Amino acid sequence: MTSVPDGLFRHTFFKKKYWNVNVLCNFVIVIGKIFRQHNKNRFMNKIYLLTAMLLVAAAAMAGVSAPQRGPQKLAHGLPVPVVKPATNVSDAGFTANWEKASGANCYTVYTYIRHKAPADEIYYFYNDDFSGFKYGSIESPFDIGWGWLDGYTNRSNWYVYGAYSCHGVFGLYNKKSAEQNGMLMSPMYSLQNNNGKFTVTFRAKTTGTATVAVFATEYLMAGPSYALGKVGKVELTKEWADYTLELDGGIQGCYVELDMVGGDSNAYFDNMTISQPMKAGDEAMLVYDFVETGDVSSHDVATGDKVAGDVYWYQVASLKRLSSGSELDDSNYSDLVEVKQEGAVCALKASAARAYATADGVVVENPEGADVAVYDVGGREVYASRDGAEKQMVVLPSGVYVVKVGYEVMKVMK
């Protein structure tokens, strides 16, 4: 079994073991902030905060925990799955495999990218147009509240406190309009390259006034006072505008946090990127995907946005859901397994799928009923279909597109 890449993952492992402690502490901080917003009496604020701390402590003693992610051990009861080499390996995806563990009835699978720059480059840790936010609108937003954004964002482990879905747009609460300020936190990244300097871009607007702050931090949703370096602040306008923030303080094992810090209205975001210059040979590691499966021994992972220098790794933990659905028994995570092209078994058969350009866009022929996705040259998903239609017409402007049908990848120029 391939060992963990030294210096890239061990720090992440250590940090994520203590996720629950961090969440509990930062939950108290957030509660304190909300109380201060609504009560100017210092004595009462202290009483509220003490009450919150006692409640959180009682919940911790009773076994009530925040959402759990990453290599950790919750209930100690199950054996670690025996992880097997990946199969069906191609540029478009692979199949993660493991042996079923005694007592488990489902499994959690984490996929990571270990990137080694093949040349001097700008590497994108995150590039999302928020098309996964399919519900609501700016006029009538769909309230997400707080929790994991898996299924909304195009990569896993983003976490939010106070958010809206607005049909292709992501929104954050403002304390004046929603009684609390929203916060958005990335997965843990390795941002130690380029002396910790990195770039965050986004397109945003507000319906009144709104100020947002962006920064790197070691802690979970603790606010700008815990920034590792520069805090970039932007005052949004009522018109859509593009913003670029050059930040610093990146380390191996940090988060990028975006907080609402002022104004009287919600903030709305369309596109967002997090990138960093890397020199040839520089390395970074980041979370790519998380999934909870059923009682199976494999899981297909799509990697349609893979770039040169990306190598995928995965690990698996056993899980048992009890009849109540809310209680869990689980195992430690397995060691990481590298996804290797050479030696991969069960290679896919040649597919009859094909894609070609027309005057209006791209036609995809899908005789095997596979999932279809189309990406632009920036790696953004511009079309996706899981209905298995044998022939699909995708209306697109002129450009170069990557079409993925199942595990087969084709490039089309319109």
# chains A, B, ... in the order shown; residues from 1 in each chain; ligands from 1

call {"tool": "residues_around", "arguments": {"residues": "Tyr189 in chain A", "least_positions_apart": "6", "cutoff": "6 Å", "atoms": "only C-alpha atoms", "output": "list of chain:residue names"}}
result
A:Gly253, A:Cys254, A:Leu286

call {"tool": "residues_around", "arguments": {"residues": "Lys238 in chain A", "least_positions_apart": "3", "cutoff": "6 Å", "atoms": "only C-alpha atoms", "output": "ChimeraX atom specification"}}
result
/A:205-207

call {"tool": "residues_around", "arguments": {"residues": "range 120-129 of chain A", "least_positions_apart": "5", "cutoff": "7 Å", "atoms": "only C-alpha atoms", "output": "list in words"}}
result
Asn154, Asp270, Asn271, Met272, Thr273, Ile274, Ser275, Gln276, Pro277, Met278, Lys279, Ala280 and Arg380 of chain A

call {"tool": "residues_around", "arguments": {"residues": "Leu245 in chain A", "least_positions_apart": "2", "cutoff": "10 Å", "atoms": "only C-alpha atoms", "output": "ChimeraX atom specification"}}
result
/A:198-202,213-215,230-234,243,247-248,274

call {"tool": "select_by_dssp", "arguments": {"residues": "range 116-282 of chain A", "states": "strand (DSSP E or B)", "output": "ChimeraX atom specification"}}
result
/A:116,121-128,142-148,150,153,159-165,170-172,183-185,189-190,198-206,210-217,227,232-236,241-247,252-263,267-278

call {"tool": "residues_around", "arguments": {"residues": "range 369-371 of chain A", "least_positions_apart": "4", "cutoff": "12 Å", "atoms": "only C-alpha atoms", "output": "list in words"}}
result
Ala92, Asp300, Ala302, Gly304, Ser351, Ala352, Ala353, Arg354, Val364, Glu365, Tyr383, Ala384, Ser385, Arg386, Asp387, Gly388, Ala389, Glu390, Lys391, Gln392, Val403, Lys404, Val405, Gly406, Tyr407, Glu408 and Val409 of chain A

call {"tool": "write_last_selection", "arguments": {"atoms": "N, CA and C atoms", "output": "PDB file, in the first residue's frame"}}
result
ATOM      1  N   ALA A  92     -10.674  10.760 -17.022  1.00  0.00           N
ATOM      2  CA  ALA A  92     -12.030  11.199 -16.665  1.00  0.00           C
ATOM      3  C   ALA A  92     -12.513  10.651 -15.333  1.00  0.00           C
ATOM      4  N   ASP A 300     -17.428   5.082  -7.917  1.00  0.00           N
ATOM      5  CA  ASP A 300     -16.869   5.757  -9.081  1.00  0.00           C
ATOM      6  C   ASP A 300     -16.639   7.231  -8.768  1.00  0.00           C
ATOM      7  N   ALA A 302     -15.533  10.795 -10.535  1.00  0.00           N
ATOM      8  CA  ALA A 302     -15.304  11.517 -11.787  1.00  0.00           C
ATOM      9  C   ALA A 302     -14.232  12.574 -11.575  1.00  0.00           C
ATOM     10  N   GLY A 304     -13.245  15.011 -14.159  1.00  0.00           N
ATOM     11  CA  GLY A 304     -13.286  15.721 -15.433  1.00  0.00           C
ATOM     12  C   GLY A 304     -12.475  16.995 -15.466  1.00  0.00           C
ATOM     13  N   SER A 351     -15.990   2.923 -26.018  1.00  0.00           N
ATOM     14  CA  SER A 351     -17.374   3.394 -25.998  1.00  0.00           C
ATOM     15  C   SER A 351     -17.789   3.843 -27.394  1.00  0.00           C
ATOM     16  N   ALA A 352     -19.090   3.731 -27.660  1.00  0.00           N
ATOM     17  CA  ALA A 352     -19.623   4.202 -28.939  1.00  0.00           C
ATOM     18  C   ALA A 352     -20.048   5.659 -28.856  1.00  0.00           C
ATOM     19  N   ALA A 353     -19.847   6.270 -27.716  1.00  0.00           N
ATOM     20  CA  ALA A 353     -20.234   7.675 -27.544  1.00  0.00           C
ATOM     21  C   ALA A 353     -19.370   8.577 -28.418  1.00  0.00           C
ATOM     22  N   ARG A 354     -19.950   9.682 -28.879  1.00  0.00           N
ATOM     23  CA  ARG A 354     -19.174  10.667 -29.621  1.00  0.00           C
ATOM     24  C   ARG A 354     -19.824  12.036 -29.482  1.00  0.00           C
ATOM     25  N   VAL A 364     -24.191  15.487 -28.495  1.00  0.00           N
ATOM     26  CA  VAL A 364     -23.577  14.360 -27.797  1.00  0.00           C
ATOM     27  C   VAL A 364     -24.403  13.112 -28.079  1.00  0.00           C
ATOM     28  N   GLU A 365     -23.760  12.111 -28.653  1.00  0.00           N
ATOM     29  CA  GLU A 365     -24.415  10.822 -28.878  1.00  0.00           C
ATOM     30  C   GLU A 365     -23.997   9.877 -27.763  1.00  0.00           C
ATOM     31  N   TYR A 383     -22.604  22.204 -18.692  1.00  0.00           N
ATOM     32  CA  TYR A 383     -23.772  21.370 -18.989  1.00  0.00           C
ATOM     33  C   TYR A 383     -23.585  20.031 -18.284  1.00  0.00           C
ATOM     34  N   ALA A 384     -24.673  19.484 -17.762  1.00  0.00           N
ATOM     35  CA  ALA A 384     -24.633  18.156 -17.148  1.00  0.00           C
ATOM     36  C   ALA A 384     -25.991  17.495 -17.311  1.00  0.00           C
ATOM     37  N   SER A 385     -25.984  16.194 -17.577  1.00  0.00           N
ATOM     38  CA  SER A 385     -27.228  15.442 -17.719  1.00  0.00           C
ATOM     39  C   SER A 385     -27.019  14.021 -17.202  1.00  0.00           C
ATOM     40  N   ARG A 386     -27.963  13.564 -16.411  1.00  0.00           N
ATOM     41  CA  ARG A 386     -27.926  12.191 -15.905  1.00  0.00           C
ATOM     42  C   ARG A 386     -29.171  11.404 -16.326  1.00  0.00           C
ATOM     43  N   ASP A 387     -29.899  11.915 -17.345  1.00  0.00           N
ATOM     44  CA  ASP A 387     -31.145  11.246 -17.731  1.00  0.00           C
ATOM     45  C   ASP A 387     -30.925  10.116 -18.735  1.00  0.00           C
ATOM     46  N   GLY A 388     -29.669   9.944 -19.202  1.00  0.00           N
ATOM     47  CA  GLY A 388     -29.354   8.828 -20.096  1.00  0.00           C
ATOM     48  C   GLY A 388     -29.847   8.992 -21.515  1.00  0.00           C
ATOM     49  N   ALA A 389     -30.265  10.188 -21.908  1.00  0.00           N
ATOM     50  CA  ALA A 389     -30.764  10.400 -23.272  1.00  0.00           C
ATOM     51  C   ALA A 389     -29.696  10.027 -24.295  1.00  0.00           C
ATOM     52  N   GLU A 390     -30.099   9.321 -25.355  1.00  0.00           N
ATOM     53  CA  GLU A 390     -29.132   8.813 -26.323  1.00  0.00           C
ATOM     54  C   GLU A 390     -28.542   9.913 -27.198  1.00  0.00           C
ATOM     55  N   LYS A 391     -29.287  10.997 -27.424  1.00  0.00           N
ATOM     56  CA  LYS A 391     -28.774  12.106 -28.221  1.00  0.00           C
ATOM     57  C   LYS A 391     -29.155  13.411 -27.530  1.00  0.00           C
ATOM     58  N   GLN A 392     -28.154  14.220 -27.256  1.00  0.00           N
ATOM     59  CA  GLN A 392     -28.375  15.455 -26.509  1.00  0.00           C
ATOM     60  C   GLN A 392     -27.774  16.627 -27.265  1.00  0.00           C
ATOM     61  N   VAL A 403     -15.938  17.273 -23.467  1.00  0.00           N
ATOM     62  CA  VAL A 403     -17.182  16.541 -23.279  1.00  0.00           C
ATOM     63  C   VAL A 403     -16.854  15.203 -22.623  1.00  0.00           C
ATOM     64  N   LYS A 404     -17.502  14.919 -21.504  1.00  0.00           N
ATOM     65  CA  LYS A 404     -17.284  13.651 -20.794  1.00  0.00           C
ATOM     66  C   LYS A 404     -18.577  12.849 -20.852  1.00  0.00           C
ATOM     67  N   VAL A 405     -18.493  11.649 -21.439  1.00  0.00           N
ATOM     68  CA  VAL A 405     -19.621  10.728 -21.507  1.00  0.00           C
ATOM     69  C   VAL A 405     -19.209   9.472 -20.754  1.00  0.00           C
ATOM     70  N   GLY A 406     -19.782   9.272 -19.561  1.00  0.00           N
ATOM     71  CA  GLY A 406     -19.274   8.200 -18.710  1.00  0.00           C
ATOM     72  C   GLY A 406     -17.824   8.490 -18.364  1.00  0.00           C
ATOM     73  N   TYR A 407     -16.937   7.561 -18.709  1.00  0.00           N
ATOM     74  CA  TYR A 407     -15.510   7.767 -18.461  1.00  0.00           C
ATOM     75  C   TYR A 407     -14.753   8.220 -19.712  1.00  0.00           C
ATOM     76  N   GLU A 408     -15.455   8.373 -20.826  1.00  0.00           N
ATOM     77  CA  GLU A 408     -14.779   8.787 -22.061  1.00  0.00           C
ATOM     78  C   GLU A 408     -14.788  10.302 -22.182  1.00  0.00           C
ATOM     79  N   VAL A 409     -13.636  10.847 -22.563  1.00  0.00           N
ATOM     80  CA  VAL A 409     -13.458  12.301 -22.671  1.00  0.00           C
ATOM     81  C   VAL A 409     -13.122  12.657 -24.109  1.00  0.00           C
TER      82      VAL A 409
END

call {"tool": "closest_residue", "arguments": {"among": "A:Val316, A:Ile251, A:Val412, A:Ile144", "to": "Leu396 in chain A", "atoms": "only C-alpha atoms"}}
result
A:Val412

call {"tool": "residues_around", "arguments": {"residues": "range 181-186 of chain A", "least_positions_apart": "2", "cutoff": "7 Å", "atoms": "only C-alpha atoms", "output": "list in words"}}
result
Asn157, Trp158, Tyr159, Val160, Tyr161, Gly162, Ala163, Leu172, Tyr173, Asn174, Lys175, Met188, Met221, Tyr255, Val256, Glu257, Leu258, Asp259, Met260 and Val261 of chain A

call {"tool": "write_last_selection", "arguments": {"atoms": "N, CA and C atoms", "output": "compact mmCIF listing (two decimals), in the first residue's frame"}}
result
# COMPACT_ATOMS: atom_id res chain seq x y z
N ASN A 157 -16.44 19.66 0.92
CA ASN A 157 -15.93 20.14 2.20
C ASN A 157 -15.98 21.65 2.39
N TRP A 158 -16.73 22.37 1.56
CA TRP A 158 -17.02 23.77 1.87
C TRP A 158 -18.08 23.79 2.96
N TYR A 159 -17.95 24.74 3.88
CA TYR A 159 -18.87 24.83 5.00
C TYR A 159 -19.37 26.26 5.12
N VAL A 160 -20.63 26.43 5.51
CA VAL A 160 -21.21 27.78 5.54
C VAL A 160 -22.04 27.97 6.80
N TYR A 161 -22.06 29.20 7.26
CA TYR A 161 -22.94 29.60 8.35
C TYR A 161 -23.74 30.81 7.87
N GLY A 162 -24.99 30.56 7.51
CA GLY A 162 -25.86 31.65 7.06
C GLY A 162 -25.79 31.89 5.57
N ALA A 163 -26.48 31.05 4.77
CA ALA A 163 -26.34 31.14 3.31
C ALA A 163 -27.67 30.96 2.60
N LEU A 172 -24.91 35.31 1.10
CA LEU A 172 -24.55 35.29 2.51
C LEU A 172 -25.45 36.23 3.29
N TYR A 173 -25.85 35.80 4.49
CA TYR A 173 -26.67 36.62 5.37
C TYR A 173 -25.94 37.92 5.74
N ASN A 174 -26.73 38.96 5.99
CA ASN A 174 -26.24 40.17 6.64
C ASN A 174 -27.02 40.34 7.94
N LYS A 175 -26.33 40.75 9.02
CA LYS A 175 -26.98 40.81 10.32
C LYS A 175 -28.15 41.78 10.37
N MET A 188 -9.60 22.47 3.80
CA MET A 188 -8.21 22.76 4.15
C MET A 188 -7.34 22.65 2.89
N MET A 221 -14.06 29.18 11.21
CA MET A 221 -15.09 30.21 11.29
C MET A 221 -14.96 31.07 12.54
N TYR A 255 -7.36 27.29 6.02
CA TYR A 255 -8.63 27.51 5.35
C TYR A 255 -8.66 28.91 4.75
N VAL A 256 -9.49 29.10 3.73
CA VAL A 256 -9.80 30.43 3.22
C VAL A 256 -11.21 30.75 3.66
N GLU A 257 -11.37 31.86 4.40
CA GLU A 257 -12.67 32.22 4.96
C GLU A 257 -13.15 33.52 4.34
N LEU A 258 -14.45 33.58 4.06
CA LEU A 258 -15.10 34.79 3.55
C LEU A 258 -16.23 35.13 4.52
N ASP A 259 -16.15 36.33 5.13
CA ASP A 259 -17.12 36.73 6.13
C ASP A 259 -17.85 38.00 5.72
N MET A 260 -19.12 38.08 6.06
CA MET A 260 -19.85 39.34 6.00
C MET A 260 -19.48 40.15 7.23
N VAL A 261 -18.99 41.38 7.04
CA VAL A 261 -18.52 42.16 8.20
C VAL A 261 -19.16 43.54 8.31

call {"tool": "residues_around", "arguments": {"residues": "range 75-88 of chain A", "least_positions_apart": "2", "cutoff": "8 Å", "atoms": "only C-alpha atoms", "output": "NGL selection string"}}
result
:A and (73 or 90 or 93-104 or 315-319 or 328-334 or 337-340 or 344-348)

call {"tool": "write_last_selection", "arguments": {"atoms": "N, CA and C atoms", "output": "mmCIF file, in the first residue's frame"}}
result
data_model
loop_
_atom_site.group_PDB
_atom_site.id
_atom_site.type_symbol
_atom_site.label_atom_id
_atom_site.label_comp_id
_atom_site.auth_asym_id
_atom_site.auth_seq_id
_atom_site.Cartn_x
_atom_site.Cartn_y
_atom_site.Cartn_z
ATOM 1 N N LYS A 73 -12.027 9.222 14.543
ATOM 2 C CA LYS A 73 -12.649 8.030 15.089
ATOM 3 C C LYS A 73 -13.803 8.455 15.973
ATOM 4 N N SER A 90 -8.751 6.433 -15.769
ATOM 5 C CA SER A 90 -8.568 7.226 -16.980
ATOM 6 C C SER A 90 -8.489 8.687 -16.558
ATOM 7 N N GLY A 93 -11.797 9.666 -14.752
ATOM 8 C CA GLY A 93 -12.259 9.125 -13.486
ATOM 9 C C GLY A 93 -11.608 7.808 -13.134
ATOM 10 N N PHE A 94 -12.043 7.239 -12.021
ATOM 11 C CA PHE A 94 -11.536 5.946 -11.577
ATOM 12 C C PHE A 94 -12.562 5.332 -10.633
ATOM 13 N N THR A 95 -12.370 4.057 -10.324
ATOM 14 C CA THR A 95 -13.209 3.372 -9.350
ATOM 15 C C THR A 95 -12.383 3.069 -8.109
ATOM 16 N N ALA A 96 -12.803 3.607 -6.969
ATOM 17 C CA ALA A 96 -12.178 3.303 -5.683
ATOM 18 C C ALA A 96 -12.749 1.979 -5.168
ATOM 19 N N ASN A 97 -11.887 1.116 -4.656
ATOM 20 C CA ASN A 97 -12.310 -0.224 -4.246
ATOM 21 C C ASN A 97 -11.860 -0.535 -2.823
ATOM 22 N N TRP A 98 -12.634 -1.368 -2.147
ATOM 23 C CA TRP A 98 -12.269 -1.822 -0.813
ATOM 24 C C TRP A 98 -13.019 -3.119 -0.509
ATOM 25 N N GLU A 99 -12.588 -3.799 0.538
ATOM 26 C CA GLU A 99 -13.301 -4.987 1.005
ATOM 27 C C GLU A 99 -14.288 -4.579 2.087
ATOM 28 N N LYS A 100 -15.473 -5.150 2.050
ATOM 29 C CA LYS A 100 -16.472 -4.833 3.071
ATOM 30 C C LYS A 100 -15.966 -5.225 4.451
ATOM 31 N N ALA A 101 -16.314 -4.417 5.449
ATOM 32 C CA ALA A 101 -15.883 -4.649 6.821
ATOM 33 C C ALA A 101 -17.027 -5.235 7.639
ATOM 34 N N SER A 102 -16.700 -6.115 8.536
ATOM 35 C CA SER A 102 -17.705 -6.754 9.386
ATOM 36 C C SER A 102 -18.435 -5.709 10.231
ATOM 37 N N GLY A 103 -19.766 -5.754 10.184
ATOM 38 C CA GLY A 103 -20.571 -4.861 10.994
ATOM 39 C C GLY A 103 -20.949 -3.557 10.325
ATOM 40 N N ALA A 104 -20.322 -3.233 9.210
ATOM 41 C CA ALA A 104 -20.612 -1.972 8.520
ATOM 42 C C ALA A 104 -21.789 -2.148 7.566
ATOM 43 N N GLN A 315 -9.135 7.310 0.519
ATOM 44 C CA GLN A 315 -9.154 6.500 1.733
ATOM 45 C C GLN A 315 -10.603 6.253 2.111
ATOM 46 N N VAL A 316 -10.832 5.184 2.878
ATOM 47 C CA VAL A 316 -12.187 4.714 3.158
ATOM 48 C C VAL A 316 -12.331 4.420 4.651
ATOM 49 N N ALA A 317 -13.497 4.703 5.199
ATOM 50 C CA ALA A 317 -13.837 4.327 6.570
ATOM 51 C C ALA A 317 -15.131 3.531 6.575
ATOM 52 N N SER A 318 -15.236 2.584 7.502
ATOM 53 C CA SER A 318 -16.471 1.828 7.707
ATOM 54 C C SER A 318 -17.463 2.680 8.486
ATOM 55 N N LEU A 319 -18.732 2.432 8.243
ATOM 56 C CA LEU A 319 -19.781 3.199 8.906
ATOM 57 C C LEU A 319 -20.982 2.299 9.128
ATOM 58 N N LEU A 328 -24.201 6.865 14.952
ATOM 59 C CA LEU A 328 -23.217 6.273 14.067
ATOM 60 C C LEU A 328 -22.222 5.430 14.842
ATOM 61 N N ASP A 329 -21.783 4.375 14.239
ATOM 62 C CA ASP A 329 -20.603 3.648 14.674
ATOM 63 C C ASP A 329 -19.688 3.630 13.464
ATOM 64 N N ASP A 330 -18.385 3.770 13.673
ATOM 65 C CA ASP A 330 -17.508 3.839 12.515
ATOM 66 C C ASP A 330 -16.113 3.361 12.870
ATOM 67 N N SER A 331 -15.213 3.497 11.900
ATOM 68 C CA SER A 331 -13.820 3.093 12.087
ATOM 69 C C SER A 331 -12.915 4.276 11.819
ATOM 70 N N ASN A 332 -11.632 4.090 12.097
ATOM 71 C CA ASN A 332 -10.649 5.026 11.578
ATOM 72 C C ASN A 332 -10.651 4.965 10.060
ATOM 73 N N TYR A 333 -10.093 6.021 9.424
ATOM 74 C CA TYR A 333 -9.893 5.957 7.978
ATOM 75 C C TYR A 333 -8.699 5.079 7.655
ATOM 76 N N SER A 334 -8.758 4.452 6.498
ATOM 77 C CA SER A 334 -7.644 3.644 6.012
ATOM 78 C C SER A 334 -6.470 4.538 5.644
ATOM 79 N N VAL A 337 -4.473 5.600 -0.552
ATOM 80 C CA VAL A 337 -4.060 4.789 -1.696
ATOM 81 C C VAL A 337 -3.939 5.696 -2.912
ATOM 82 N N GLU A 338 -2.815 5.654 -3.580
ATOM 83 C CA GLU A 338 -2.613 6.459 -4.785
ATOM 84 C C GLU A 338 -3.305 5.815 -5.969
ATOM 85 N N VAL A 339 -3.954 6.627 -6.777
ATOM 86 C CA VAL A 339 -4.597 6.145 -7.996
ATOM 87 C C VAL A 339 -3.561 6.161 -9.103
ATOM 88 N N LYS A 340 -3.204 4.974 -9.595
ATOM 89 C CA LYS A 340 -2.137 4.851 -10.590
ATOM 90 C C LYS A 340 -2.698 4.364 -11.913
ATOM 91 N N ALA A 344 -3.416 -0.575 -13.645
ATOM 92 C CA ALA A 344 -4.846 -0.556 -13.358
ATOM 93 C C ALA A 344 -5.522 -1.701 -14.101
ATOM 94 N N VAL A 345 -6.507 -2.317 -13.462
ATOM 95 C CA VAL A 345 -7.164 -3.466 -14.068
ATOM 96 C C VAL A 345 -8.573 -3.101 -14.493
ATOM 97 N N CYS A 346 -9.212 -4.010 -15.203
ATOM 98 C CA CYS A 346 -10.603 -3.806 -15.639
ATOM 99 C C CYS A 346 -10.750 -2.527 -16.451
ATOM 100 N N ALA A 347 -9.861 -2.318 -17.405
ATOM 101 C CA ALA A 347 -9.955 -1.113 -18.239
ATOM 102 C C ALA A 347 -11.303 -1.089 -18.953
ATOM 103 N N LEU A 348 -11.838 0.070 -19.143
ATOM 104 C CA LEU A 348 -13.151 0.187 -19.776
ATOM 105 C C LEU A 348 -13.108 -0.218 -21.241
#
